[in-house]
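Novice: Here you go, coords_21.txt (compact mmCIF, C-alpha atoms and all ligand atoms):
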```
# COMPACT_ATOMS: atom_id res chain seq x y z
CA ALA M 5 0.00 0.00 0.00
CA ALA M 6 1.03 3.64 0.11
CA CYS M 7 3.16 3.13 3.19
CA SER M 8 5.62 0.53 1.95
CA SER M 9 6.29 1.91 -1.51
CA LYS M 10 6.74 5.40 -0.11
CA TYR M 11 4.36 6.55 -2.80
CA VAL M 12 1.18 8.29 -1.93
CA LEU M 13 -1.78 7.22 -4.03
CA SER M 14 -2.37 10.28 -6.15
CA GLN M 15 -6.12 10.32 -6.52
CA MET M 16 -8.00 12.99 -8.45
CA HIS M 17 -8.36 15.96 -6.18
CA PRO M 18 -10.13 19.22 -6.91
CA MET M 19 -7.48 21.33 -5.23
CA TRP M 20 -4.14 19.93 -6.40
CA GLN M 21 -2.49 16.70 -7.37
CA ASP M 22 -0.55 15.08 -4.55
CA PRO M 23 3.09 14.85 -5.66
CA LEU M 24 3.83 11.22 -6.57
CA ALA M 25 6.74 10.65 -4.20
CA ILE M 26 7.03 12.20 -0.77
CA PRO M 27 10.27 11.61 1.15
CA GLY M 28 9.38 8.94 3.75
CA GLY M 29 5.69 9.30 3.10
CA ASP M 30 4.53 7.09 5.97
CA ARG M 31 3.40 9.92 8.26
CA GLN M 32 1.07 11.88 6.00
CA SER M 33 -2.06 13.81 6.94
CA PRO M 34 -5.05 13.97 6.99
CA ILE M 35 -6.33 10.59 8.16
CA ASP M 36 -9.58 9.01 9.31
CA ILE M 37 -9.60 8.78 13.11
CA VAL M 38 -10.93 5.29 13.90
CA VAL M 39 -12.22 5.84 17.43
CA ARG M 40 -12.20 2.19 18.53
CA LYS M 41 -8.55 1.86 17.36
CA SER M 42 -7.39 4.97 19.24
CA VAL M 43 -5.50 4.34 22.48
CA TYR M 44 -6.35 6.26 25.67
CA ASP M 45 -3.18 7.74 27.17
CA SER M 46 -3.68 8.95 30.77
CA GLU M 47 -0.32 10.78 30.59
CA LEU M 48 -1.77 13.24 28.05
CA LYS M 49 -2.31 16.57 29.81
CA PRO M 50 -4.92 19.23 29.02
CA LEU M 51 -3.91 21.65 26.28
CA VAL M 52 -2.84 25.07 27.54
CA THR M 53 -3.40 27.87 25.02
CA ASP M 54 -2.43 31.45 25.82
CA TYR M 55 -3.31 33.77 22.91
CA ASP M 56 -2.82 37.55 22.85
CA PRO M 57 -5.35 39.12 20.42
CA GLN M 58 -2.97 42.08 19.97
CA THR M 59 -0.54 39.82 18.04
CA CYS M 60 -3.08 39.44 15.20
CA GLN M 61 -1.65 41.13 12.10
CA GLN M 62 -3.41 40.39 8.81
CA ILE M 63 -5.83 38.21 6.94
CA TRP M 64 -5.03 37.12 3.40
CA ASN M 65 -5.95 34.74 0.58
CA ASN M 66 -2.98 32.53 -0.31
CA GLY M 67 -4.71 30.67 -3.11
CA TYR M 68 -5.33 27.57 -0.95
CA SER M 69 -7.36 29.04 1.95
CA PHE M 70 -7.54 32.31 3.84
CA LEU M 71 -5.02 32.77 6.63
CA VAL M 72 -5.16 34.94 9.74
CA GLU M 73 -1.51 35.61 10.58
CA TYR M 74 -0.04 36.43 13.97
CA ASP M 75 3.18 38.15 15.01
CA ASP M 76 5.32 35.17 16.02
CA THR M 77 8.48 37.12 16.89
CA THR M 78 7.73 36.68 20.63
CA ASP M 79 6.08 34.04 22.83
CA LYS M 80 2.89 36.11 23.23
CA SER M 81 0.52 33.58 21.64
CA THR M 82 1.40 30.01 22.48
CA VAL M 83 0.18 26.47 23.10
CA LYS M 84 1.79 23.96 25.47
CA GLY M 85 0.77 20.89 27.46
CA GLY M 86 -1.24 18.11 25.85
CA PRO M 87 1.22 15.78 24.07
CA LEU M 88 3.73 18.62 23.67
CA GLN M 89 7.12 18.64 25.42
CA ASP M 90 7.84 22.22 24.42
CA LYS M 91 6.09 25.58 23.97
CA TYR M 92 4.82 26.33 20.45
CA ARG M 93 4.12 29.77 19.00
CA LEU M 94 0.95 30.53 17.00
CA CYS M 95 1.84 31.73 13.51
CA GLN M 96 -1.48 31.46 11.66
CA PHE M 97 -4.88 29.83 11.48
CA HIS M 98 -6.93 28.89 8.42
CA PHE M 99 -9.80 26.62 7.36
CA HIS M 100 -10.68 23.87 4.85
CA TRP M 101 -14.24 23.52 3.53
CA GLY M 102 -16.41 21.91 0.84
CA GLU M 103 -18.70 23.18 -1.91
CA SER M 104 -21.60 21.87 0.18
CA ASN M 105 -22.24 21.21 3.87
CA ALA M 106 -21.96 17.46 3.17
CA TRP M 107 -18.14 17.49 3.22
CA GLY M 108 -15.12 19.78 3.62
CA SER M 109 -13.09 18.63 6.61
CA GLU M 110 -9.64 17.04 6.17
CA HIS M 111 -9.76 14.66 9.13
CA THR M 112 -12.81 12.47 9.72
CA VAL M 113 -14.01 10.57 12.79
CA ASP M 114 -15.09 7.01 11.98
CA ARG M 115 -15.48 8.27 8.40
CA LYS M 116 -17.82 11.08 9.52
CA LEU M 117 -17.24 14.17 7.39
CA PHE M 118 -17.73 17.70 8.70
CA PRO M 119 -18.49 20.73 6.50
CA ALA M 120 -15.25 22.44 7.51
CA GLU M 121 -12.14 22.21 9.70
CA LEU M 122 -10.10 24.92 11.45
CA HIS M 123 -6.31 24.58 11.77
CA LEU M 124 -4.34 26.65 14.31
CA VAL M 125 -0.68 26.36 13.26
CA HIS M 126 2.13 26.68 15.83
CA TRP M 127 5.91 26.10 15.72
CA ASN M 128 8.35 24.95 18.43
CA SER M 129 9.93 28.17 19.74
CA ASP M 130 11.81 26.35 22.51
CA LYS M 131 13.91 24.51 19.91
CA TYR M 132 13.88 26.72 16.81
CA SER M 133 14.00 30.42 16.04
CA LEU M 134 11.93 30.52 12.85
CA PHE M 135 8.86 28.76 11.44
CA GLU M 136 10.86 27.95 8.31
CA GLU M 137 13.38 26.01 10.41
CA ALA M 138 10.75 24.21 12.50
CA VAL M 139 8.73 23.14 9.45
CA MET M 140 11.53 20.71 8.52
CA GLU M 141 11.86 19.08 11.96
CA GLU M 142 10.03 16.07 13.43
CA ASN M 143 8.91 17.99 16.55
CA GLY M 144 8.75 21.32 14.77
CA LEU M 145 5.02 22.02 14.41
CA ALA M 146 1.82 21.60 16.41
CA VAL M 147 -1.55 22.04 14.72
CA ILE M 148 -4.86 22.15 16.59
CA GLY M 149 -7.74 20.88 14.43
CA VAL M 150 -11.33 21.88 15.21
CA PHE M 151 -14.34 20.54 13.30
CA LEU M 152 -17.08 22.97 12.24
CA LYS M 153 -20.75 22.00 12.10
CA VAL M 154 -23.61 24.03 10.62
CA GLY M 155 -25.91 25.40 13.30
CA LYS M 156 -26.18 28.64 15.19
CA ARG M 157 -24.23 31.70 14.09
CA HIS M 158 -20.76 32.00 15.63
CA GLU M 159 -20.49 35.58 16.93
CA GLY M 160 -16.68 35.50 17.22
CA LEU M 161 -16.29 34.24 13.63
CA GLN M 162 -18.42 37.06 12.19
CA LYS M 163 -15.58 39.64 12.45
CA LEU M 164 -13.52 37.34 10.27
CA VAL M 165 -16.40 36.62 7.84
CA ASP M 166 -16.95 40.37 7.37
CA ALA M 167 -13.32 40.76 6.22
CA LEU M 168 -13.53 38.04 3.53
CA PRO M 169 -15.08 40.11 0.68
CA ALA M 170 -11.95 42.30 0.81
CA ILE M 171 -9.70 39.29 0.11
CA ARG M 172 -11.75 37.48 -2.56
CA HIS M 173 -8.78 37.00 -4.87
CA LYS M 174 -5.51 35.09 -4.39
CA ASN M 175 -2.72 37.27 -2.87
CA SER M 176 -5.12 39.92 -1.53
CA VAL M 177 -4.33 41.04 2.03
CA VAL M 178 -6.12 43.27 4.51
CA GLU M 179 -5.01 44.49 7.94
CA PHE M 180 -6.75 42.56 10.68
CA ASN M 181 -6.10 43.06 14.37
CA ARG M 182 -7.34 42.28 17.84
CA PHE M 183 -8.80 38.90 16.97
CA ASP M 184 -8.70 36.33 19.76
CA PRO M 185 -8.40 32.84 18.24
CA ALA M 186 -9.44 31.34 21.58
CA CYS M 187 -13.03 32.26 20.64
CA LEU M 188 -12.84 29.61 17.90
CA LEU M 189 -11.91 26.79 20.30
CA PRO M 190 -14.65 24.51 21.64
CA SER M 191 -15.57 24.89 25.32
CA ASN M 192 -13.91 21.54 26.03
CA THR M 193 -10.27 21.37 24.84
CA ASP M 194 -9.38 18.57 27.28
CA ASP M 195 -10.75 15.86 24.95
CA TYR M 196 -8.72 15.40 21.75
CA TRP M 197 -6.99 12.82 19.56
CA THR M 198 -3.28 13.23 18.82
CA TYR M 199 -0.92 11.62 16.28
CA HIS M 200 2.24 12.44 14.34
CA GLY M 201 1.57 13.59 10.80
CA SER M 202 2.30 16.16 8.15
CA LEU M 203 1.25 19.44 6.61
CA THR M 204 -1.74 18.76 4.34
CA THR M 205 -0.56 21.12 1.60
CA PRO M 206 2.92 21.47 0.10
CA PRO M 207 5.61 21.14 1.41
CA LEU M 208 3.75 18.19 3.11
CA THR M 209 6.63 17.90 5.60
CA GLU M 210 6.16 15.27 8.36
CA SER M 211 6.79 17.72 11.17
CA VAL M 212 3.33 18.05 12.73
CA THR M 213 2.01 16.91 16.11
CA TRP M 214 -1.73 16.93 15.36
CA MET M 215 -4.26 17.57 18.14
CA VAL M 216 -7.80 17.12 16.79
CA MET M 217 -10.53 18.32 19.17
CA LYS M 218 -13.33 15.89 19.97
CA GLN M 219 -15.85 18.72 20.43
CA HIS M 220 -16.80 20.73 17.34
CA ILE M 221 -17.84 24.39 17.08
CA GLU M 222 -21.01 25.61 15.34
CA VAL M 223 -21.17 28.23 12.59
CA SER M 224 -24.20 29.30 10.53
CA HIS M 225 -24.94 28.20 6.98
CA ASP M 226 -24.59 31.83 5.86
CA GLN M 227 -21.17 32.20 7.48
CA LEU M 228 -19.91 29.11 5.62
CA ALA M 229 -21.42 30.46 2.38
CA VAL M 230 -19.12 33.49 2.65
CA PHE M 231 -16.10 31.12 2.84
CA ARG M 232 -17.30 29.69 -0.51
CA SER M 233 -17.43 33.17 -2.04
CA LEU M 234 -13.61 33.31 -1.97
CA LEU M 235 -11.64 32.55 -5.14
CA PHE M 236 -8.59 30.34 -5.78
CA THR M 237 -7.57 32.70 -8.57
CA SER M 238 -5.99 36.15 -8.65
CA ALA M 239 -7.81 39.16 -10.04
CA ASP M 240 -5.87 39.13 -13.34
CA GLU M 241 -6.77 35.53 -14.29
CA GLU M 242 -9.34 35.23 -17.05
CA VAL M 243 -11.09 32.19 -15.52
CA GLN M 244 -12.12 32.67 -11.89
CA LYS M 245 -12.42 29.51 -9.75
CA GLY M 246 -14.43 29.40 -6.53
CA MET M 247 -12.43 28.43 -3.45
CA VAL M 248 -14.20 25.23 -2.36
CA ASN M 249 -13.09 21.64 -1.63
CA ASN M 250 -9.67 22.89 -0.47
CA PHE M 251 -9.03 19.70 1.51
CA ARG M 252 -6.50 16.96 0.84
CA VAL M 253 -7.48 13.35 0.15
CA GLN M 254 -7.00 11.12 3.18
CA GLN M 255 -3.71 9.30 3.64
CA SER M 256 -2.89 5.83 4.96
CA GLN M 257 -2.48 5.48 8.72
CA CYS M 258 0.60 3.27 8.08
CA GLY M 259 0.40 1.59 11.47
CA ARG M 260 0.47 4.87 13.38
CA THR M 261 -1.29 4.96 16.75
CA VAL M 262 -3.80 7.71 17.37
CA ARG M 263 -3.90 8.46 21.09
CA SER M 264 -6.90 9.95 22.90
CA SER M 265 -6.76 12.18 25.97
CA PHE M 266 -10.10 10.77 27.15
CA SER M 267 -11.36 7.26 27.82
C1 LIG M 301 8.68 27.08 4.38
C2 LIG M 301 7.36 26.39 4.47
C3 LIG M 301 6.22 27.21 3.93
C4 LIG M 301 6.40 28.67 4.25
C5 LIG M 301 4.98 26.65 4.60
C6 LIG M 301 3.91 27.68 4.96
C7 LIG M 301 2.82 27.03 5.79
O1 LIG M 301 2.46 27.54 6.82
N1 LIG M 301 2.32 25.86 5.29
C8 LIG M 301 1.29 25.12 5.89
C9 LIG M 301 0.83 25.29 7.20
C10 LIG M 301 -0.18 24.47 7.71
C11 LIG M 301 -0.74 23.49 6.91
S1 LIG M 301 -2.00 22.44 7.52
N2 LIG M 301 -3.22 22.43 6.51
O2 LIG M 301 -2.41 23.00 8.80
O3 LIG M 301 -1.42 21.11 7.57
C12 LIG M 301 -0.31 23.31 5.61
C13 LIG M 301 0.71 24.12 5.10
ZN ZN M 302 -4.91 23.22 7.17
```
The structure in this file should be written as structure tokens.
Specialist:
Amino acid sequence: AACSSKYVLSQMHPMWQDPLAIPGGDRQSPIDIVVRKSVYDSELKPLVTDYDPQTCQQIWNNGYSFLVEYDDTTDKSTVKGGPLQDKYRLCQFHFHWGESNAWGSEHTVDRKLFPAELHLVHWNSDKYSLFEEAVMEENGLAVIGVFLKVGKRHEGLQKLVDALPAIRHKNSVVEFNRFDPACLLPSNTDDYWTYHGSLTTPPLTESVTWMVMKQHIEVSHDQLAVFRSLLFTSADEEVQKGMVNNFRVQQSQCGRTVRSSFS
């Protein structure tokens, strides 16, 4: 299978073709989290996030998703605890979503698809001095994944949704400040699954400790519809393509153990 031949099955994918060969290639993300195969680890501590809304800098469309970027030149917005040995600095968060509410998340739970998934991306500032260094190292990155479900309107998200029309096209940027990413976390961050994996877009490096929250957050149908009004393409391209289905196809677990912080 994909694990032994170090080739990742390159299936048709609306967003981009997976490169045929990925160095190593046996710790790729995303995966399906098979609950009954996950192993409860009582040593896993609660996650400790400490975000400073003042470190929020800009929101921009990078042609894959939209990113909210934080000033990561100091340890002002960090995550530690959980499965992490070190302190990790928040550098950005972004989302993945589908063209309909029927799919859109990258990870799944017992094959259950969610309409969208939030990723809060952090790098190990105890061991490295730049994101670009950490992205190449086994313990370099920590990404918190949060599933989104369609339901009541998310008040905290609305500030972000209102900024999206200004960044419809690839490479558009607007100033964005005083946004507290903690408002996007579920009320319970003690229950999560964790495993070692990779970035889900190029460079696909296998440097990520994933922490996928068991509890989802709710956003309204209309809020998700604004995500789908973004474009993959820049303003000068003759054919405009709607930014939807920006998720990667699922990868083989390759014998990896997914641990749970709850029994
Ligand atoms: C030098 C490396 C380059 C700048 C990488 C920039 C970056 O942040 N990439 C990134 C981050 C997170 C994810 S995900 N979807 O959370 O796995 C995917 C890709
Ligand atoms: Zn992501």
Novice: Taking only C-alpha atoms and all ligand atoms into account, which residues have an atom no farther than 8 Å from ligand LIG 301 (chain M)? I'd like them as a VMD selection string.
Specialist: chain M and resid 33 95 to 100 123 to 125 135 to 137 139 147 202 to 208 212
Novice: Taking all atoms listed in the file into account, which of M:Thr198, M:Val248, M:Pro169, M:Asp240 comes nearest M:Arg260?
Specialist: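 Result for the nearest residue to M:Arg260: M:Thr198.
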Novice: Counting only C-alpha atoms, what is within 10 Å of M:Ala146, bar same-chain residues fewer than 5 positions away, as a compact mmCIF listing (two decimals) with C-alpha atoms, keeping the file's coordinate frame?
Specialist:
```txt
# COMPACT_ATOMS: atom_id res chain seq x y z
CA VAL M 83 0.18 26.47 23.10
CA LYS M 84 1.79 23.96 25.47
CA PRO M 87 1.22 15.78 24.07
CA LEU M 88 3.73 18.62 23.67
CA LYS M 91 6.09 25.58 23.97
CA TYR M 92 4.82 26.33 20.45
CA ARG M 93 4.12 29.77 19.00
CA LEU M 94 0.95 30.53 17.00
CA HIS M 123 -6.31 24.58 11.77
CA LEU M 124 -4.34 26.65 14.31
CA VAL M 125 -0.68 26.36 13.26
CA HIS M 126 2.13 26.68 15.83
CA TRP M 127 5.91 26.10 15.72
CA ASN M 128 8.35 24.95 18.43
CA VAL M 139 8.73 23.14 9.45
CA HIS M 200 2.24 12.44 14.34
CA GLY M 201 1.57 13.59 10.80
CA SER M 202 2.30 16.16 8.15
CA SER M 211 6.79 17.72 11.17
CA VAL M 212 3.33 18.05 12.73
CA THR M 213 2.01 16.91 16.11
CA TRP M 214 -1.73 16.93 15.36
CA MET M 215 -4.26 17.57 18.14
```
Novice: What gap, in Å, lies between atom CA of M:Gln62 and atom CA of M:Ser81?
Specialist: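 According to the coordinates, atom CA of M:Gln62 and atom CA of M:Ser81 are separated by 15.0 Å.
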Novice: Which is closer to M:Lys131 than all the others in M:Leu145, M:Val43, M:Leu117, M:Leu168, using all atoms listed in the file?
Specialist: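 Nearest candidate to M:Lys131 out of M:Leu145, M:Val43, M:Leu117, M:Leu168: M:Leu145.
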Novice: Please determine, counting all atoms listed in the file, which residue among M:Lys245, M:His225, M:Arg252, M:Lys116 has the shortest atom-to-atom distance to ligand ZN 302 (chain M).
Specialist: M:Arg252
Novice: Name all residues at most 8 Å from M:Asn105 (count all atoms listed in the file; drop same-chain ones fewer than 3 positions away) and give them as a VMD selection string.
Specialist: chain M and resid 102 108 118 to 120 154
Novice: Dump C-alpha atoms for the selected residues as an mmCIF file, in the frame of the given file?
Specialist:
```cif
data_model
loop_
_atom_site.group_PDB
_atom_site.id
_atom_site.type_symbol
_atom_site.label_atom_id
_atom_site.label_comp_id
_atom_site.auth_asym_id
_atom_site.auth_seq_id
_atom_site.Cartn_x
_atom_site.Cartn_y
_atom_site.Cartn_z
ATOM 1 C CA GLY M 102 -16.410 21.910 0.840
ATOM 2 C CA GLY M 108 -15.120 19.780 3.620
ATOM 3 C CA PHE M 118 -17.730 17.700 8.700
ATOM 4 C CA PRO M 119 -18.490 20.730 6.500
ATOM 5 C CA ALA M 120 -15.250 22.440 7.510
ATOM 6 C CA VAL M 154 -23.610 24.030 10.620
#
```
Novice: When you count only C-alpha atoms, which of these residues is closest to M:Glu141: M:Glu179, M:Tyr196, M:Thr209, M:Tyr68?
Specialist: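 Of all the options, M:Thr209 lies closest to M:Glu141.
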Novice: Please put the answer as AutoDock Vina command-line options: centre and edge lengths, in Å with one decimal, of a box along x, y and z that encloses all listed atoms of stretch 203-210 of chain M plus 4 Å on each side.
Specialist:
```
--center_x 2.4 --center_y 18.4 --center_z 4.2 --size_x 16.4 --size_y 14.2 --size_z 16.3
```
Novice: Is it possible to get the residues within 12 Å of (-6.0, 7.4, 36.5) (coordinates as in the file, counting only C-alpha atoms) written as a list in words?
Specialist: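 The residues near that point, listed by chain and number, are Tyr44, Asp45, Ser46, Glu47, Leu48, Lys49, Ser265, Phe266 and Ser267 of chain M.
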Novice: Near M:Asn66, counting only C-alpha atoms, which residues have an atom at most 10 Å away, once you skip same-chain residues fewer than 3 positions from it, shown as a ChimeraX atom specification?
Specialist: /M:63,69-71,171,173-177,235-238
Novice: Using only C-alpha atoms for the distances, tell me which of M:Gln162, M:Gln32, M:Ser129, M:Asn181 is nearest to M:Pro57.
Specialist: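 Counting only C-alpha atoms, the residue closest to M:Pro57 is M:Asn181.
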Novice: Quick one: of M:Glu73, M:Glu159, M:Glu222, M:Glu210, who's nearest to M:Pro190, counting all atoms listed in the file?
Specialist: M:Glu222
Novice: Kindly give the distance, in Å, that separates atom CA of M:Thr77 and atom CA of M:Gln89, rounded to a single decimal.
Specialist: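 Separation between atom CA of M:Thr77 and atom CA of M:Gln89: 20.4 Å.
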Novice: From the block I gave, I'd like stretch 119-184 of chain M written with C-alpha atoms, as a compact mmCIF listing (two decimals), in the first residue's frame.
Specialist:
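And here is the file that came out, out.txt:
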```txt
# COMPACT_ATOMS: atom_id res chain seq x y z
CA PRO M 119 -18.49 20.73 6.50
CA ALA M 120 -15.25 22.44 7.51
CA GLU M 121 -12.14 22.21 9.70
CA LEU M 122 -10.10 24.92 11.45
CA HIS M 123 -6.31 24.58 11.77
CA LEU M 124 -4.34 26.65 14.31
CA VAL M 125 -0.68 26.36 13.26
CA HIS M 126 2.13 26.68 15.83
CA TRP M 127 5.91 26.10 15.72
CA ASN M 128 8.35 24.95 18.43
CA SER M 129 9.93 28.17 19.74
CA ASP M 130 11.81 26.35 22.51
CA LYS M 131 13.91 24.51 19.91
CA TYR M 132 13.88 26.72 16.81
CA SER M 133 14.00 30.42 16.04
CA LEU M 134 11.93 30.52 12.85
CA PHE M 135 8.86 28.76 11.44
CA GLU M 136 10.86 27.95 8.31
CA GLU M 137 13.38 26.01 10.41
CA ALA M 138 10.75 24.21 12.50
CA VAL M 139 8.73 23.14 9.45
CA MET M 140 11.53 20.71 8.52
CA GLU M 141 11.86 19.08 11.96
CA GLU M 142 10.03 16.07 13.43
CA ASN M 143 8.91 17.99 16.55
CA GLY M 144 8.75 21.32 14.77
CA LEU M 145 5.02 22.02 14.41
CA ALA M 146 1.82 21.60 16.41
CA VAL M 147 -1.55 22.04 14.72
CA ILE M 148 -4.86 22.15 16.59
CA GLY M 149 -7.74 20.88 14.43
CA VAL M 150 -11.33 21.88 15.21
CA PHE M 151 -14.34 20.54 13.30
CA LEU M 152 -17.08 22.97 12.24
CA LYS M 153 -20.75 22.00 12.10
CA VAL M 154 -23.61 24.03 10.62
CA GLY M 155 -25.91 25.40 13.30
CA LYS M 156 -26.18 28.64 15.19
CA ARG M 157 -24.23 31.70 14.09
CA HIS M 158 -20.76 32.00 15.63
CA GLU M 159 -20.49 35.58 16.93
CA GLY M 160 -16.68 35.50 17.22
CA LEU M 161 -16.29 34.24 13.63
CA GLN M 162 -18.42 37.06 12.19
CA LYS M 163 -15.58 39.64 12.45
CA LEU M 164 -13.52 37.34 10.27
CA VAL M 165 -16.40 36.62 7.84
CA ASP M 166 -16.95 40.37 7.37
CA ALA M 167 -13.32 40.76 6.22
CA LEU M 168 -13.53 38.04 3.53
CA PRO M 169 -15.08 40.11 0.68
CA ALA M 170 -11.95 42.30 0.81
CA ILE M 171 -9.70 39.29 0.11
CA ARG M 172 -11.75 37.48 -2.56
CA HIS M 173 -8.78 37.00 -4.87
CA LYS M 174 -5.51 35.09 -4.39
CA ASN M 175 -2.72 37.27 -2.87
CA SER M 176 -5.12 39.92 -1.53
CA VAL M 177 -4.33 41.04 2.03
CA VAL M 178 -6.12 43.27 4.51
CA GLU M 179 -5.01 44.49 7.94
CA PHE M 180 -6.75 42.56 10.68
CA ASN M 181 -6.10 43.06 14.37
CA ARG M 182 -7.34 42.28 17.84
CA PHE M 183 -8.80 38.90 16.97
CA ASP M 184 -8.70 36.33 19.76
```
